[in-house]
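Asks: Have a look at this one.
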Amino acid sequence: MGGHPLMAAPRRICVFCGSSMGFDPRYAEEARALGTLLASRGIGLVYGGASVGTMGVVADAALAAGGEVIGVIPEALGSVEIAHAGLTELHVVADMHQRKAKMAALSDGFLALPGGAGTLEELFEVWTWAQLGLHEKPIGLVDVGGYYAPLLKFADHMVSEGFLSAGYRDMLSIDSDASVLLDGFADYVPPPRPKWAK
């Protein structure tokens, strides 16, 4: 799948983030700034469809700035995570597997804000899919206050222990400034050979 020209500027970005706010107020501030940034660049937001936590914050900010916001939420979580009522589009799907597949299909790239196990699960799935050549979309970590530093240290440990190639480690872009990550997305070129390629 490699050997192609650089991708065009993304039309929609999938943002993984928390159904909680976290303790540091910078997490909500960065979510708000990211929603505003995406709308200001004419980039649609795709996210988990909830009105709570930093999920709600990023969606509200993008909507307030006139942006397109598409939510994808499983039926079972519609009442728990409280589905956002004011979105451009809300897709209600059967389960978490369909949620992640739909979010990925609607997006040209992925950004992860600080979040918990669900955020990491979504991040690791699209990272794995990229390694397998199932998509060629860029992935970025918005490193608010060094939140993702331990994860990157562990990724380096996976490389040093022979479980991850350095090229796949480098599929994860990281910066404290989301605008830097978005700028880099337009220049993203995936590794030339997906894992297990003949």
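By convention here, the chains of the structure tokens are called A, B, ... in the order presented, each chain's residues are numbered starting at 1, and ligands are numbered starting at 1 in the order presented.
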Could you go through chain A and tell me which residues DSSP, when run on the backbone, assigns to strand (DSSP E or B), listing them as a PyMOL selection string?
Replies: chain A and resi 12-16+44-47+50+69-74+83+89-93+110-112+139-142+172-175
Asks: Keeping N, CA, C and O atoms, export the residues of the selection given above as a CSV table (one decimal), in the first residue's frame.
Replies:
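part_5.csv written:
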```csv
chain,number,residue,atom,x,y,z
A,12,ARG,N,-11.8,15.3,7.9
A,12,ARG,CA,-12.4,15.0,9.2
A,12,ARG,C,-11.3,14.3,10.0
A,12,ARG,O,-10.6,13.5,9.5
A,13,ILE,N,-11.3,14.7,11.3
A,13,ILE,CA,-10.4,14.0,12.3
A,13,ILE,C,-11.2,13.4,13.4
A,13,ILE,O,-12.1,14.0,13.9
A,14,CYS,N,-10.8,12.1,13.7
A,14,CYS,CA,-11.4,11.4,14.8
A,14,CYS,C,-10.6,11.7,16.0
A,14,CYS,O,-9.4,11.6,16.0
A,15,VAL,N,-11.3,12.2,17.1
A,15,VAL,CA,-10.7,12.5,18.3
A,15,VAL,C,-11.1,11.5,19.4
A,15,VAL,O,-12.3,11.3,19.7
A,16,PHE,N,-10.1,10.8,20.0
A,16,PHE,CA,-10.4,9.9,21.1
A,16,PHE,C,-10.1,10.7,22.4
A,16,PHE,O,-9.0,11.4,22.5
A,44,GLY,N,-13.9,18.7,10.0
A,44,GLY,CA,-15.0,18.1,10.8
A,44,GLY,C,-14.4,17.2,11.9
A,44,GLY,O,-13.3,16.6,11.8
A,45,LEU,N,-15.2,17.2,13.1
A,45,LEU,CA,-14.8,16.4,14.2
A,45,LEU,C,-15.7,15.1,14.2
A,45,LEU,O,-16.9,15.2,14.1
A,46,VAL,N,-15.0,14.0,14.3
A,46,VAL,CA,-15.7,12.7,14.6
A,46,VAL,C,-15.3,12.2,16.0
A,46,VAL,O,-14.1,12.2,16.3
A,47,TYR,N,-16.2,11.8,16.8
A,47,TYR,CA,-15.9,11.4,18.2
A,47,TYR,C,-17.0,10.5,18.7
A,47,TYR,O,-17.9,10.2,18.0
A,50,ALA,N,-20.7,11.5,23.0
A,50,ALA,CA,-21.3,11.8,24.3
A,50,ALA,C,-21.2,13.3,24.6
A,50,ALA,O,-20.5,14.1,24.0
A,69,VAL,N,-19.8,18.3,13.5
A,69,VAL,CA,-19.5,17.4,14.5
A,69,VAL,C,-20.3,16.1,14.4
A,69,VAL,O,-21.5,16.2,14.4
A,70,ILE,N,-19.6,15.0,14.2
A,70,ILE,CA,-20.3,13.7,14.0
A,70,ILE,C,-20.0,12.8,15.1
A,70,ILE,O,-18.8,12.5,15.4
A,71,GLY,N,-21.0,12.4,15.8
A,71,GLY,CA,-20.9,11.5,17.0
A,71,GLY,C,-21.3,10.1,16.6
A,71,GLY,O,-22.2,9.9,15.8
A,72,VAL,N,-20.6,9.1,17.2
A,72,VAL,CA,-21.0,7.7,17.0
A,72,VAL,C,-21.0,7.0,18.4
A,72,VAL,O,-20.0,7.0,19.1
A,73,ILE,N,-22.2,6.6,18.8
A,73,ILE,CA,-22.4,6.0,20.1
A,73,ILE,C,-23.2,4.7,20.1
A,73,ILE,O,-24.1,4.6,19.3
A,74,PRO,N,-22.8,3.7,20.9
A,74,PRO,CA,-23.5,2.5,20.9
A,74,PRO,C,-24.8,2.7,21.7
A,74,PRO,O,-24.9,3.5,22.6
A,83,ALA,N,-25.9,10.7,25.3
A,83,ALA,CA,-25.7,11.1,23.9
A,83,ALA,C,-25.9,12.6,23.7
A,83,ALA,O,-26.9,13.2,24.2
A,89,GLU,N,-24.5,15.3,13.1
A,89,GLU,CA,-25.0,14.0,12.9
A,89,GLU,C,-24.7,13.1,14.1
A,89,GLU,O,-23.6,13.3,14.7
A,90,LEU,N,-25.6,12.3,14.5
A,90,LEU,CA,-25.3,11.3,15.6
A,90,LEU,C,-25.7,9.9,15.0
A,90,LEU,O,-26.9,9.7,14.6
A,91,HIS,N,-24.7,9.0,15.0
A,91,HIS,CA,-24.9,7.6,14.5
A,91,HIS,C,-25.0,6.8,15.8
A,91,HIS,O,-24.1,6.7,16.6
A,92,VAL,N,-26.2,6.1,15.9
A,92,VAL,CA,-26.4,5.1,17.0
A,92,VAL,C,-26.1,3.7,16.4
A,92,VAL,O,-26.8,3.3,15.5
A,93,VAL,N,-25.1,3.0,17.0
A,93,VAL,CA,-24.7,1.7,16.5
A,93,VAL,C,-25.0,0.7,17.5
A,93,VAL,O,-25.3,1.0,18.7
A,110,PHE,N,-6.4,10.5,13.1
A,110,PHE,CA,-6.8,10.3,14.5
A,110,PHE,C,-6.0,11.2,15.5
A,110,PHE,O,-4.7,11.2,15.3
A,111,LEU,N,-6.6,11.8,16.5
A,111,LEU,CA,-5.9,12.5,17.5
A,111,LEU,C,-6.4,11.9,18.9
A,111,LEU,O,-7.6,11.7,19.0
A,112,ALA,N,-5.5,11.7,19.8
A,112,ALA,CA,-5.9,11.2,21.1
A,112,ALA,C,-5.6,12.3,22.1
A,112,ALA,O,-4.4,12.7,22.3
A,139,ILE,N,-1.8,9.2,13.0
A,139,ILE,CA,-2.2,9.1,14.4
A,139,ILE,C,-1.4,10.1,15.2
A,139,ILE,O,-0.1,10.0,15.2
A,140,GLY,N,-2.0,10.9,16.0
A,140,GLY,CA,-1.3,11.9,16.9
A,140,GLY,C,-1.8,11.8,18.3
A,140,GLY,O,-2.9,11.6,18.6
A,141,LEU,N,-0.8,12.1,19.2
A,141,LEU,CA,-1.1,12.2,20.6
A,141,LEU,C,-1.0,13.6,21.0
A,141,LEU,O,0.1,14.2,20.9
A,142,VAL,N,-2.0,14.2,21.6
A,142,VAL,CA,-2.0,15.6,22.1
A,142,VAL,C,-1.5,15.5,23.5
A,142,VAL,O,-2.2,15.1,24.4
A,172,LEU,N,3.2,6.9,15.6
A,172,LEU,CA,2.6,7.8,16.6
A,172,LEU,C,3.3,9.1,16.7
A,172,LEU,O,4.5,9.2,17.1
A,173,SER,N,2.7,10.2,16.2
A,173,SER,CA,3.2,11.5,16.3
A,173,SER,C,2.8,12.1,17.7
A,173,SER,O,1.7,11.8,18.2
A,174,ILE,N,3.7,12.9,18.3
A,174,ILE,CA,3.3,13.4,19.6
A,174,ILE,C,3.8,14.8,19.7
A,174,ILE,O,4.8,15.2,19.3
A,175,ASP,N,2.9,15.7,20.3
A,175,ASP,CA,3.2,17.1,20.5
A,175,ASP,C,2.2,17.7,21.5
A,175,ASP,O,1.1,17.2,21.5
```
Asks: Using only C-alpha atoms, tabulate the residues of stretch 79-143 of chain A lying at most 8 Å from any atom of stretch 18-39 of chain A, each with its closest atom pair and that distance in Å to one decimal, by chain and increasing residue number, as CSV.
Replies:
```
residue,atom,partner,partner_atom,distance
A:Glu81,CA,A:Ser19,CA,7.0
A:Leu113,CA,A:Ala31,CA,7.1
A:Pro114,CA,A:Tyr27,CA,6.8
A:Gly115,CA,A:Gly18,CA,4.4
A:Gly116,CA,A:Gly18,CA,6.3
A:Gly118,CA,A:Gly18,CA,7.7
A:Thr119,CA,A:Gly18,CA,6.5
```
Asks: Can you work out which one of A:Lys153, A:Gly56, A:Leu164, A:Met103 has the shortest atom-to-atom distance to A:Thr128, counting only C-alpha atoms?
Replies: A:Leu164
Asks: Just the alpha helix (DSSP H) stuff from stretch 28-61 of chain A, please, per backbone DSSP, written as JSON, numbers by chain.
Replies: {"A": [28, 29, 30, 31, 32, 33, 34, 35, 36, 37, 38, 39, 40, 53, 54, 55, 56, 57, 58, 59, 60, 61]}
Asks: Store the residues of this selection in a file with C-alpha atoms, as a tab-separated table (two decimals), in the first residue's frame.
Replies:
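Okay, this is what ended up in selection.tsv:
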```tsv
chain	number	residue	atom	x	y	z
A	28	ALA	CA	-10.64	20.37	29.40
A	29	GLU	CA	-8.87	23.52	28.18
A	30	GLU	CA	-7.01	21.54	25.50
A	31	ALA	CA	-10.19	19.72	24.47
A	32	ARG	CA	-11.91	23.09	24.05
A	33	ALA	CA	-8.96	24.48	22.11
A	34	LEU	CA	-8.89	21.42	19.83
A	35	GLY	CA	-12.59	21.67	19.00
A	36	THR	CA	-12.15	25.34	18.14
A	37	LEU	CA	-9.00	24.63	16.10
A	38	LEU	CA	-10.66	21.94	14.00
A	39	ALA	CA	-13.63	24.18	13.22
A	40	SER	CA	-11.36	27.13	12.37
A	53	GLY	CA	-16.30	14.60	29.99
A	54	THR	CA	-13.76	15.99	27.57
A	55	MET	CA	-15.83	14.33	24.83
A	56	GLY	CA	-18.58	16.85	25.46
A	57	VAL	CA	-16.11	19.71	25.76
A	58	VAL	CA	-14.43	19.12	22.38
A	59	ALA	CA	-17.80	18.69	20.67
A	60	ASP	CA	-19.33	21.81	22.23
A	61	ALA	CA	-16.30	23.90	21.28
```
Asks: Could you check which of A:Gly66, A:Gly78, A:Gly48, A:Pro190 is closest to A:Leu134, using only C-alpha atoms?
Replies: A:Pro190
Asks: I'd like to know which of A:Pro138, A:Gly145, A:Gly86, A:Gly133 is closest to A:Asp187, using only C-alpha atoms.
Replies: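 Nearest to A:Asp187: A:Pro138.
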Asks: Nearest to A:Ala9: which of A:Gly42, A:Pro150, A:Pro191, A:Gly67 is it, counting only C-alpha atoms?
Replies: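 Once distances to A:Ala9 are computed over only C-alpha atoms, the minimum belongs to A:Gly42.
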